[in-house]
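Structure data follow from query19.txt (compact mmCIF, C-alpha atoms):
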```txt
# COMPACT_ATOMS: atom_id res chain seq x y z
CA MET E 1 102.15 103.26 63.56
CA ASP E 2 104.73 102.26 60.95
CA THR E 3 104.73 98.91 59.15
CA LEU E 4 107.42 97.36 61.38
CA ARG E 5 105.60 98.27 64.59
CA LEU E 6 102.29 97.06 63.20
CA ASP E 7 103.89 93.74 62.27
CA SER E 8 105.12 93.35 65.84
CA PHE E 9 101.63 93.86 67.24
CA ILE E 10 100.09 91.52 64.66
CA ALA E 11 102.60 88.95 65.92
CA ILE E 12 101.40 89.55 69.49
CA ARG E 13 97.77 89.14 68.44
CA HIS E 14 98.52 85.94 66.56
CA HIS E 15 100.44 84.55 69.54
CA LEU E 16 97.45 85.25 71.80
CA HIS E 17 95.14 83.61 69.27
CA GLN E 18 97.32 80.51 69.16
CA HIS E 19 97.44 80.24 72.97
CA PRO E 20 93.91 81.00 74.20
CA GLU E 21 93.10 80.95 77.91
CA ILE E 22 89.54 80.79 79.17
CA GLU E 23 87.56 82.38 82.00
CA GLY E 24 89.74 83.57 84.88
CA ASP E 25 92.68 81.31 84.02
CA THR E 26 94.56 83.91 81.93
CA VAL E 27 97.96 83.27 83.49
CA GLN E 28 100.20 83.44 80.42
CA THR E 29 98.16 86.17 78.75
CA SER E 30 98.41 88.34 81.85
CA GLN E 31 102.16 87.75 82.04
CA LEU E 32 102.64 88.70 78.39
CA VAL E 33 100.62 91.88 78.85
CA ALA E 34 102.48 92.83 82.03
CA ASP E 35 105.88 92.32 80.39
CA HIS E 36 105.03 94.59 77.46
CA LEU E 37 103.48 97.30 79.62
CA SER E 38 106.47 97.35 81.96
CA ALA E 39 108.76 97.75 78.97
CA TYR E 40 106.66 100.73 77.80
CA GLY E 41 107.19 102.48 81.15
CA TYR E 42 103.90 101.77 82.93
CA LYS E 43 103.67 100.82 86.59
CA VAL E 44 101.93 97.45 86.47
CA HIS E 45 99.74 96.11 89.27
CA ARG E 46 98.82 92.42 88.97
CA HIS E 47 96.45 89.87 90.52
CA ILE E 48 93.49 92.20 90.93
CA GLY E 49 90.41 90.01 91.24
CA GLY E 50 92.39 87.00 90.01
CA HIS E 51 94.62 87.55 86.98
CA GLY E 52 93.36 91.05 86.23
CA LEU E 53 95.92 93.82 86.01
CA VAL E 54 96.07 97.60 85.82
CA ALA E 55 98.88 99.60 84.21
CA VAL E 56 99.24 103.21 85.40
CA LEU E 57 100.88 106.13 83.61
CA ARG E 58 100.92 109.59 85.23
CA ARG E 59 101.98 112.84 83.60
CA GLY E 60 101.87 116.44 84.69
CA THR E 61 100.00 117.69 87.72
CA GLY E 62 96.44 117.12 86.49
CA THR E 63 93.94 115.49 88.83
CA LYS E 64 91.75 113.90 86.17
CA SER E 65 91.93 110.13 85.72
CA LEU E 66 90.80 107.92 82.85
CA GLY E 67 90.25 104.16 82.71
CA ILE E 68 90.33 102.07 79.53
CA ARG E 69 89.48 98.39 79.75
CA ALA E 70 90.28 95.41 77.51
CA ASP E 71 89.17 91.80 78.02
CA MET E 72 91.65 88.91 77.70
CA ASP E 73 89.77 85.59 77.84
CA ALA E 74 88.84 83.11 75.10
CA LEU E 75 86.00 80.59 74.73
CA PRO E 76 85.65 76.78 75.08
CA ILE E 77 85.15 76.34 71.32
CA HIS E 78 87.16 74.09 68.99
CA GLU E 79 88.53 76.29 66.21
CA GLN E 80 87.78 75.23 62.61
CA ASN E 81 90.04 77.72 60.83
CA ASN E 82 93.19 76.42 59.15
CA PHE E 83 95.28 79.60 58.91
CA ALA E 84 98.76 79.69 60.44
CA HIS E 85 97.75 81.44 63.67
CA ALA E 86 94.85 79.11 64.51
CA SER E 87 94.53 77.92 68.09
CA LYS E 88 97.06 75.32 69.19
CA ILE E 89 94.88 74.23 72.12
CA ALA E 90 92.05 71.84 71.30
CA GLY E 91 88.66 73.00 72.48
CA ARG E 92 89.71 76.61 73.05
CA MET E 93 89.76 79.61 70.73
CA HIS E 94 89.52 83.37 70.64
CA ALA E 95 86.10 83.34 69.01
CA CYS E 96 85.10 86.78 70.27
CA GLY E 97 88.14 88.90 69.44
CA HIS E 98 89.46 89.48 72.93
CA ASP E 99 92.94 88.71 71.57
CA GLY E 100 92.40 91.74 69.34
CA HIS E 101 91.06 93.92 72.15
CA THR E 102 94.11 93.13 74.29
CA THR E 103 96.48 93.87 71.39
CA ILE E 104 94.70 97.14 70.56
CA LEU E 105 95.20 98.39 74.10
CA LEU E 106 98.84 97.25 74.14
CA ALA E 107 99.48 99.10 70.87
CA ALA E 108 97.73 102.18 72.25
CA ALA E 109 99.76 101.91 75.48
CA LYS E 110 103.03 102.08 73.57
CA GLN E 111 101.85 104.89 71.32
CA ILE E 112 100.59 106.92 74.28
CA ALA E 113 103.74 106.37 76.36
CA GLN E 114 106.07 107.40 73.55
CA HIS E 115 104.16 110.12 71.71
CA CYS E 116 101.14 111.36 73.67
CA ASP E 117 101.20 114.52 75.76
CA PHE E 118 98.57 114.57 78.52
CA ASN E 119 98.01 115.89 82.01
CA GLY E 120 96.59 113.43 84.52
CA THR E 121 96.46 109.68 85.21
CA LEU E 122 95.78 106.90 82.74
CA ASN E 123 94.69 103.48 84.06
CA LEU E 124 94.76 100.64 81.53
CA ILE E 125 92.63 97.76 82.82
CA PHE E 126 93.13 94.24 81.44
CA GLN E 127 90.30 91.99 82.60
CA PRO E 128 89.89 88.19 82.59
CA ALA E 129 86.63 86.22 82.69
CA GLU E 130 84.38 88.44 80.60
CA GLU E 131 82.81 85.52 78.78
CA ASN E 132 81.30 84.06 81.93
CA LEU E 133 80.42 87.58 83.14
CA THR E 134 82.42 87.37 86.39
CA GLY E 135 85.71 89.17 85.73
CA ALA E 136 84.61 92.79 86.03
CA LYS E 137 82.78 92.18 89.28
CA ALA E 138 85.78 90.31 90.71
CA MET E 139 88.08 93.23 89.93
CA LEU E 140 85.60 95.71 91.41
CA GLU E 141 85.22 93.65 94.57
CA ALA E 142 89.03 93.58 94.84
CA GLY E 143 88.98 97.39 95.03
CA LEU E 144 89.62 98.36 91.42
CA PHE E 145 88.30 101.92 91.62
CA GLU E 146 89.48 102.44 95.19
CA GLN E 147 93.06 101.58 94.24
CA PHE E 148 92.92 103.16 90.79
CA PRO E 149 90.41 106.02 90.78
CA CYS E 150 88.79 106.67 87.40
CA ASP E 151 86.66 109.71 86.62
CA ALA E 152 85.42 107.88 83.53
CA ILE E 153 85.75 104.39 82.06
CA TYR E 154 85.75 103.24 78.42
CA ALA E 155 85.84 99.95 76.48
CA LEU E 156 85.33 98.72 72.93
CA HIS E 157 84.29 95.54 71.14
CA ASN E 158 84.76 94.47 67.56
CA LEU E 159 81.55 93.93 65.58
CA PRO E 160 81.48 91.42 62.69
CA GLY E 161 79.49 92.26 59.58
CA ILE E 162 80.21 96.00 59.89
CA PRO E 163 82.79 97.65 57.58
CA VAL E 164 86.27 98.26 58.97
CA GLY E 165 86.71 101.90 59.91
CA THR E 166 83.20 102.21 61.34
CA ALA E 167 82.70 103.07 65.01
CA ILE E 168 79.22 102.65 66.46
CA VAL E 169 78.87 105.09 69.34
CA GLN E 170 75.61 105.70 71.17
CA ALA E 171 74.56 107.21 74.49
CA GLY E 172 72.05 105.38 76.68
CA THR E 173 71.36 101.65 76.80
CA VAL E 174 73.45 99.81 74.20
CA MET E 175 73.38 96.21 75.48
CA ALA E 176 71.01 94.12 77.58
CA SER E 177 71.07 92.76 81.08
CA SER E 178 71.53 89.02 81.51
CA GLN E 179 69.74 86.68 83.88
CA ARG E 180 70.10 82.91 84.12
CA VAL E 181 67.13 80.92 85.40
CA LEU E 182 67.58 77.42 86.77
CA CYS E 183 64.34 75.44 86.60
CA LYS E 184 63.64 72.00 88.06
CA ILE E 185 60.40 70.11 87.41
CA ILE E 186 59.85 67.26 89.87
CA GLY E 187 57.17 64.69 89.11
CA LYS E 188 56.75 60.95 89.64
CA GLY E 189 58.51 58.65 87.22
CA GLY E 190 57.55 55.20 86.09
CA HIS E 191 57.27 52.72 83.25
CA GLY E 192 56.73 54.21 79.81
CA ALA E 193 53.98 51.67 79.20
CA MET E 194 52.00 52.80 82.26
CA PRO E 195 51.98 56.62 82.20
CA GLU E 196 48.71 56.69 84.16
CA HIS E 197 50.72 55.81 87.27
CA THR E 198 53.12 58.75 86.82
CA HIS E 199 53.16 62.52 87.11
CA ASP E 200 55.04 63.11 83.88
CA PRO E 201 57.56 66.00 84.13
CA ILE E 202 58.14 65.83 80.35
CA GLN E 203 54.55 66.85 79.69
CA ALA E 204 54.95 69.70 82.18
CA LEU E 205 58.18 70.70 80.44
CA SER E 206 56.39 70.91 77.08
CA ALA E 207 53.71 73.13 78.55
CA PHE E 208 56.31 75.31 80.25
CA ILE E 209 58.30 75.84 77.04
CA ASN E 210 55.20 76.89 75.10
CA ALA E 211 53.88 79.11 77.88
CA ILE E 212 57.03 81.14 78.54
CA GLN E 213 57.35 82.01 74.87
CA SER E 214 53.96 83.69 75.15
CA ILE E 215 55.39 86.22 77.62
CA LYS E 216 57.06 88.25 74.88
CA SER E 217 54.05 88.19 72.56
CA ARG E 218 51.24 88.53 75.12
CA ASN E 219 52.60 90.24 78.25
CA LEU E 220 55.03 92.84 76.89
CA ASN E 221 54.31 95.71 74.55
CA VAL E 222 56.27 96.14 71.33
CA GLN E 223 58.53 98.82 72.85
CA GLU E 224 59.69 96.48 75.65
CA TYR E 225 62.75 94.55 74.50
CA ALA E 226 63.31 91.02 75.74
CA VAL E 227 64.76 87.70 74.65
CA ILE E 228 63.88 84.43 76.43
CA SER E 229 65.93 81.42 75.33
CA ILE E 230 66.26 77.88 76.65
CA GLY E 231 69.85 76.68 76.36
CA SER E 232 69.93 73.45 78.34
CA ILE E 233 67.49 70.59 79.06
CA HIS E 234 68.33 67.38 80.95
CA ALA E 235 65.71 64.65 81.36
CA GLY E 236 65.77 60.88 81.60
CA ALA E 237 68.30 58.29 80.52
CA THR E 238 66.44 55.82 78.32
CA TYR E 239 63.47 55.59 75.97
CA ASN E 240 60.99 53.55 78.01
CA VAL E 241 61.20 55.20 81.43
CA ILE E 242 59.33 58.36 82.36
CA PRO E 243 61.84 60.26 84.52
CA ASN E 244 61.22 61.67 87.97
CA GLU E 245 62.49 65.13 87.11
CA VAL E 246 63.65 67.54 84.44
CA GLU E 247 66.24 70.31 84.74
CA LEU E 248 66.59 73.21 82.35
CA GLN E 249 68.39 76.54 82.13
CA LEU E 250 67.08 79.71 80.53
CA SER E 251 68.64 82.98 79.46
CA ILE E 252 66.61 86.18 79.82
CA ARG E 253 67.87 89.44 78.31
CA THR E 254 66.10 92.78 78.75
CA ASP E 255 66.89 96.46 78.39
CA THR E 256 65.36 97.59 81.70
CA GLN E 257 64.84 96.23 85.21
CA ALA E 258 61.10 96.92 84.92
CA VAL E 259 60.78 94.57 81.94
CA LEU E 260 62.80 91.89 83.73
CA ASN E 261 60.58 92.18 86.80
CA LYS E 262 57.50 91.77 84.61
CA ILE E 263 58.92 88.64 82.95
CA ASN E 264 59.91 87.07 86.27
CA HIS E 265 56.50 87.74 87.79
CA ARG E 266 54.70 86.21 84.83
CA MET E 267 57.02 83.18 84.82
CA VAL E 268 56.13 82.46 88.45
CA GLN E 269 52.41 82.66 87.57
CA ILE E 270 52.91 80.24 84.67
CA VAL E 271 54.77 77.79 86.90
CA ARG E 272 52.01 77.76 89.50
CA GLY E 273 49.45 76.95 86.82
CA ILE E 274 51.54 74.12 85.36
CA GLU E 275 52.04 72.61 88.81
CA LEU E 276 48.27 72.35 89.26
CA SER E 277 47.68 71.09 85.73
CA PHE E 278 50.24 68.28 85.79
CA ASN E 279 50.56 67.49 89.51
CA VAL E 280 54.27 68.33 89.61
CA HIS E 281 56.46 70.67 91.66
CA ILE E 282 58.53 73.33 89.89
CA SER E 283 61.35 75.37 91.42
CA LEU E 284 62.86 78.51 89.86
CA VAL E 285 66.20 80.03 90.82
CA PHE E 286 66.85 83.48 89.33
CA ASP E 287 70.54 84.35 88.90
CA TYR E 288 71.07 88.00 87.89
CA LEU E 289 74.39 88.12 86.05
CA VAL E 290 74.83 91.68 84.76
CA PRO E 291 72.80 94.87 84.33
CA PRO E 292 72.34 96.60 80.96
CA VAL E 293 75.28 98.48 79.46
CA ILE E 294 74.32 102.16 79.78
CA ASN E 295 76.58 104.83 78.29
CA SER E 296 76.55 108.24 79.97
CA SER E 297 75.77 111.21 77.73
CA ALA E 298 78.73 113.50 78.44
CA GLU E 299 81.38 110.76 78.16
CA THR E 300 79.82 109.42 74.96
CA LEU E 301 79.79 112.89 73.42
CA LEU E 302 83.44 113.38 74.36
CA LEU E 303 84.37 110.13 72.60
CA GLU E 304 82.41 111.14 69.52
CA GLN E 305 84.25 114.46 69.45
CA ALA E 306 87.62 112.73 69.86
CA LEU E 307 86.94 110.31 67.01
CA ALA E 308 85.67 113.11 64.76
CA ASP E 309 89.32 114.05 64.13
CA GLU E 310 89.68 114.28 60.34
CA ASP E 311 92.79 112.10 60.40
CA SER E 312 91.29 109.35 62.58
CA GLY E 313 90.16 107.17 59.69
CA ILE E 314 87.02 106.43 61.69
CA ASN E 315 83.44 106.93 60.51
CA VAL E 316 81.31 107.44 63.64
CA VAL E 317 77.70 106.29 63.31
CA PRO E 318 74.87 105.80 65.86
CA GLN E 319 73.56 102.42 66.94
CA THR E 320 70.39 101.64 64.98
CA THR E 321 69.22 98.42 66.65
CA THR E 322 68.93 97.28 70.25
CA MET E 323 71.63 94.69 70.92
CA MET E 324 70.43 91.97 73.28
CA ALA E 325 73.85 90.52 74.04
CA SER E 326 75.36 91.32 77.44
CA GLU E 327 78.70 92.55 78.79
CA ASP E 328 80.09 92.57 82.32
CA PHE E 329 81.66 95.98 81.63
CA ALA E 330 78.15 97.05 82.67
CA TRP E 331 79.21 96.63 86.32
CA MET E 332 82.00 99.18 85.81
CA LEU E 333 79.61 101.59 84.09
CA ALA E 334 77.24 101.16 87.04
CA GLN E 335 79.95 102.70 89.26
CA ARG E 336 81.55 105.21 86.89
CA PRO E 337 80.35 107.22 83.88
CA GLY E 338 81.72 106.13 80.55
CA CYS E 339 81.11 104.63 77.14
CA TYR E 340 81.23 101.21 75.48
CA PHE E 341 81.43 101.30 71.69
CA PHE E 342 81.88 99.02 68.70
CA LEU E 343 84.46 98.83 65.88
CA GLY E 344 83.47 97.19 62.60
CA ASN E 345 85.39 93.95 62.05
CA GLY E 346 84.62 93.64 58.33
CA GLU E 347 82.39 91.49 56.15
CA GLY E 348 82.74 87.94 54.80
CA GLU E 349 84.52 85.02 56.46
CA PRO E 350 86.29 84.97 58.82
CA TYR E 351 85.79 88.61 59.85
CA GLY E 352 82.06 88.79 59.26
CA CYS E 353 81.21 85.52 61.00
CA SER E 354 79.15 85.71 64.12
CA ILE E 355 81.27 85.97 67.24
CA HIS E 356 81.32 82.73 69.28
CA ASN E 357 81.63 80.93 65.93
CA ALA E 358 84.34 78.35 65.20
CA HIS E 359 85.28 80.14 61.92
CA TYR E 360 85.55 83.67 63.34
CA ASP E 361 88.75 85.73 63.48
CA PHE E 362 89.62 89.26 64.59
CA ASN E 363 90.62 91.65 61.80
CA ASP E 364 94.20 92.87 62.27
CA GLN E 365 93.38 96.15 60.51
CA ASN E 366 91.61 97.14 63.72
CA ILE E 367 94.85 97.10 65.73
CA VAL E 368 95.86 100.43 64.23
CA LEU E 369 92.33 101.86 64.16
CA GLY E 370 91.51 100.80 67.71
CA ALA E 371 94.82 102.05 69.10
CA HIS E 372 94.24 105.38 67.36
CA CYS E 373 90.78 105.61 68.96
CA TRP E 374 92.29 105.21 72.43
CA THR E 375 95.10 107.67 71.73
CA LEU E 376 92.64 110.32 70.54
CA LEU E 377 90.48 109.72 73.62
CA VAL E 378 93.42 110.14 76.02
CA GLU E 379 94.51 113.35 74.31
CA LYS E 380 90.94 114.68 74.43
CA TYR E 381 90.04 113.59 77.97
CA LEU E 382 93.29 114.29 79.82
CA ASN E 383 94.00 117.71 78.33
```

File written out as structure tokens:
Amino acid sequence: MDTLRLDSFIAIRHHLHQHPEIEGDTVQTSQLVADHLSAYGYKVHRHIGGHGLVAVLRRGTGTKSLGIRADMDALPIHEQNNFAHASKIAGRMHACGHDGHTTILLAAAKQIAQHCDFNGTLNLIFQPAEENLTGAKAMLEAGLFEQFPCDAIYALHNLPGIPVGTAIVQAGTVMASSQRVLCKIIGKGGHGAMPEHTHDPIQALSAFINAIQSIKSRNLNVQEYAVISIGSIHAGATYNVIPNEVELQLSIRTDTQAVLNKINHRMVQIVRGIELSFNVHISLVFDYLVPPVINSSAETLLLEQALADEDSGINVVPQTTTMMASEDFAWMLAQRPGCYFFLGNGEGEPYGCSIHNAHYDFNDQNIVLGAHCWTLLVEKYLN
């Protein structure tokens, strides 16, 4: 990719960063993507599961088909960067690099259309609503793989704190499942000066918080990965009134269904004990959002071989830690074999900041590197 072309794709990425759209409401982003893909010669299919789209390019007589997915949505975060391409929309920013992922796949699409010789069908999938873990499932339910058959499916994500030029590629489980738990503790409120006449849900809440954190340390062995976090608590409205009820939301991440089942079972036991101890009623609603991201062996090996090209500029390394974040690309991998991998975004601010951070930014160096990864994969898989 020459300097002029790279500059044009940097401009696209910066435009997307300045005009972030969240969840499934990626109207302008989807239009921009569709316009570019049509100009590159792809047949573009829009409004799949909302504002999702698929661009198709067929060559030769081959029957193999490959899917590559990029996410398009931003986050409800107020950006605190002051560079020229900072978000122009208050309370919204691309704090996870999906602007970069979209641009990478657009750059790859142009490179592949103009210079790549392959035999088969390429499906480029641009997905909204990854951040709330609903977009992939919506596209699948709209008939994604029925309309656009894929023998294998691939995706990437930038990874802050890792040197640029590093690709982390690993077969097996690479990210965790995600489950939301809605918990309501119903007691009997009353005057703060007369707690003996109440069934205090705040006391029950305190016991619940302490007890569930014992699940990891006392009910799971050290090889069973899990994270239990409380993200939201709502109780009461003033200082001198014991409320009638408390509502809270939890996030549970695990690497296997068996571990999740064990956590859920123990949580129900804990709740029953707290109900008896504090004379309250507790309800639990388990909302399973996504399964773990599990890369298939053959497709992961093929990607590793493709990126091993001596001119790729990519250093392929294995994943050394279990990542407990989640990704709705897992639903696609549950239906088709494939691989989800990571590209180092660099170190130091803003590239090394944690994603979902108001100071984070995608590293434009990865536009070329990421596009080259996809081009090498297409040449390897569809030939």

(message) Taking 5 positions as the minimum chain separation for residues in the same chain, which residues sit within 12 Å of Lys88 of chain E when counting only C-alpha atoms? Answer as a ChimeraX atom specification.
(response) /E:14-21,78-83,93-94

Keeping only C-alpha atoms, write the selected residues as a PDB file, in the coordinates of the input.
```
ATOM      1  CA  HIS E  14      98.520  85.940  66.560  1.00  0.00           C
ATOM      2  CA  HIS E  15     100.440  84.550  69.540  1.00  0.00           C
ATOM      3  CA  LEU E  16      97.450  85.250  71.800  1.00  0.00           C
ATOM      4  CA  HIS E  17      95.140  83.610  69.270  1.00  0.00           C
ATOM      5  CA  GLN E  18      97.320  80.510  69.160  1.00  0.00           C
ATOM      6  CA  HIS E  19      97.440  80.240  72.970  1.00  0.00           C
ATOM      7  CA  PRO E  20      93.910  81.000  74.200  1.00  0.00           C
ATOM      8  CA  GLU E  21      93.100  80.950  77.910  1.00  0.00           C
ATOM      9  CA  HIS E  78      87.160  74.090  68.990  1.00  0.00           C
ATOM     10  CA  GLU E  79      88.530  76.290  66.210  1.00  0.00           C
ATOM     11  CA  GLN E  80      87.780  75.230  62.610  1.00  0.00           C
ATOM     12  CA  ASN E  81      90.040  77.720  60.830  1.00  0.00           C
ATOM     13  CA  ASN E  82      93.190  76.420  59.150  1.00  0.00           C
ATOM     14  CA  PHE E  83      95.280  79.600  58.910  1.00  0.00           C
ATOM     15  CA  MET E  93      89.760  79.610  70.730  1.00  0.00           C
ATOM     16  CA  HIS E  94      89.520  83.370  70.640  1.00  0.00           C
TER      17      HIS E  94
END
```

(request) Anything within 12 Å of (92.9, 82.9, 88.2): list those residues as an NGL selection string, counting only C-alpha atoms and sticking to the file's coordinates. (result) :E and (21-30 or 46-53 or 73 or 127-129 or 134-135 or 138-139)

(message) When you look at Ala152 of chain E with a cut-off of 7 Å (counting only C-alpha atoms), what residues show up, excluding the ones that are within fewer than 5 positions of it in the same chain? I need them as an NGL selection string.
(response) :E and (66-67 or 336-338)

(request) Would you kindly return, as number ranges by chain, each protein, DNA or RNA residue with an atom no farther than 9 Å from any atom of Ala298 of chain E, considering only C-alpha atoms and excluding same-chain residues fewer than 3 positions away? (result) E: 171, 295, 301-303, 337-338

(request) For segment 363-374 of chain E, please output as a list in words all residues within 7 Å (counting only C-alpha atoms; exclusion window: fewer than 3 positions along the same chain). (result)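 The neighbour list is Met1, Ile10, Gly100, Thr103, Ile104, Leu105, Ala107, Ala108, Leu307, Ser312, Asn345, Tyr351, Leu377 and Val378 of chain E.
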
(request) Considering only C-alpha atoms, return as a PyMOL selection string whatever protein or nucleic-acid residues lie within 8 Å of Arg180 of chain E, sequence-local ones (same chain, fewer than 2 positions apart) excluded. (result) chain E and resi 178+182+249-252+286-289

(request) In the coordinate frame of the file, compute which residues have an atom within 8 Å of (85.1, 100.6, 60.3) when using all atoms listed in the file, and state them as a ChimeraX atom specification. (result) /E:162-167,314-315,343-346

Write the selection just made, keeping C-alpha atoms, as an mmCIF file, in the frame of the given file?
```cif
data_model
loop_
_atom_site.group_PDB
_atom_site.id
_atom_site.type_symbol
_atom_site.label_atom_id
_atom_site.label_comp_id
_atom_site.auth_asym_id
_atom_site.auth_seq_id
_atom_site.Cartn_x
_atom_site.Cartn_y
_atom_site.Cartn_z
ATOM 1 C CA ILE E 162 80.210 96.000 59.890
ATOM 2 C CA PRO E 163 82.790 97.650 57.580
ATOM 3 C CA VAL E 164 86.270 98.260 58.970
ATOM 4 C CA GLY E 165 86.710 101.900 59.910
ATOM 5 C CA THR E 166 83.200 102.210 61.340
ATOM 6 C CA ALA E 167 82.700 103.070 65.010
ATOM 7 C CA ILE E 314 87.020 106.430 61.690
ATOM 8 C CA ASN E 315 83.440 106.930 60.510
ATOM 9 C CA LEU E 343 84.460 98.830 65.880
ATOM 10 C CA GLY E 344 83.470 97.190 62.600
ATOM 11 C CA ASN E 345 85.390 93.950 62.050
ATOM 12 C CA GLY E 346 84.620 93.640 58.330
#
```

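Distance annotation: of E:Cys339, E:Ile282, E:Leu376, E:His98, the residue with the minimal separation from Glu310 of chain E is E:Leu376; atom set is all atoms listed in the file.
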
Adding 5 Å on each side of the box along x, y and z that holds all listed atoms of segment 264-270 of chain E, could you give its centre and edge lengths in Å to one decimal, as JSON?
```
{"center_x": 56.2, "center_y": 84.0, "center_z": 86.6, "size_x": 17.5, "size_y": 17.5, "size_z": 13.8}
```

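As for atom CA of Ile202 of chain E and atom CA of Asn279 of chain E, they are spaced 12.0 Å apart.
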
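Considering all atoms listed in the file, the residue among E:Ile12, E:Ala334, E:Val268, E:Met323 positioned nearest to Thr254 of chain E is E:Met323.
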
(request) Using only C-alpha atoms, pick whichever of E:Lys110, E:Arg59, E:His36, E:Lys188 has the shortest atom-to-atom distance to Leu382 of chain E. (result)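 Nearest candidate to Leu382 of chain E out of E:Lys110, E:Arg59, E:His36, E:Lys188: E:Arg59.
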
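Across the model, the gap from atom CA of Gln213 of chain E to atom CA of Gln319 of chain E is 27.2 Å.
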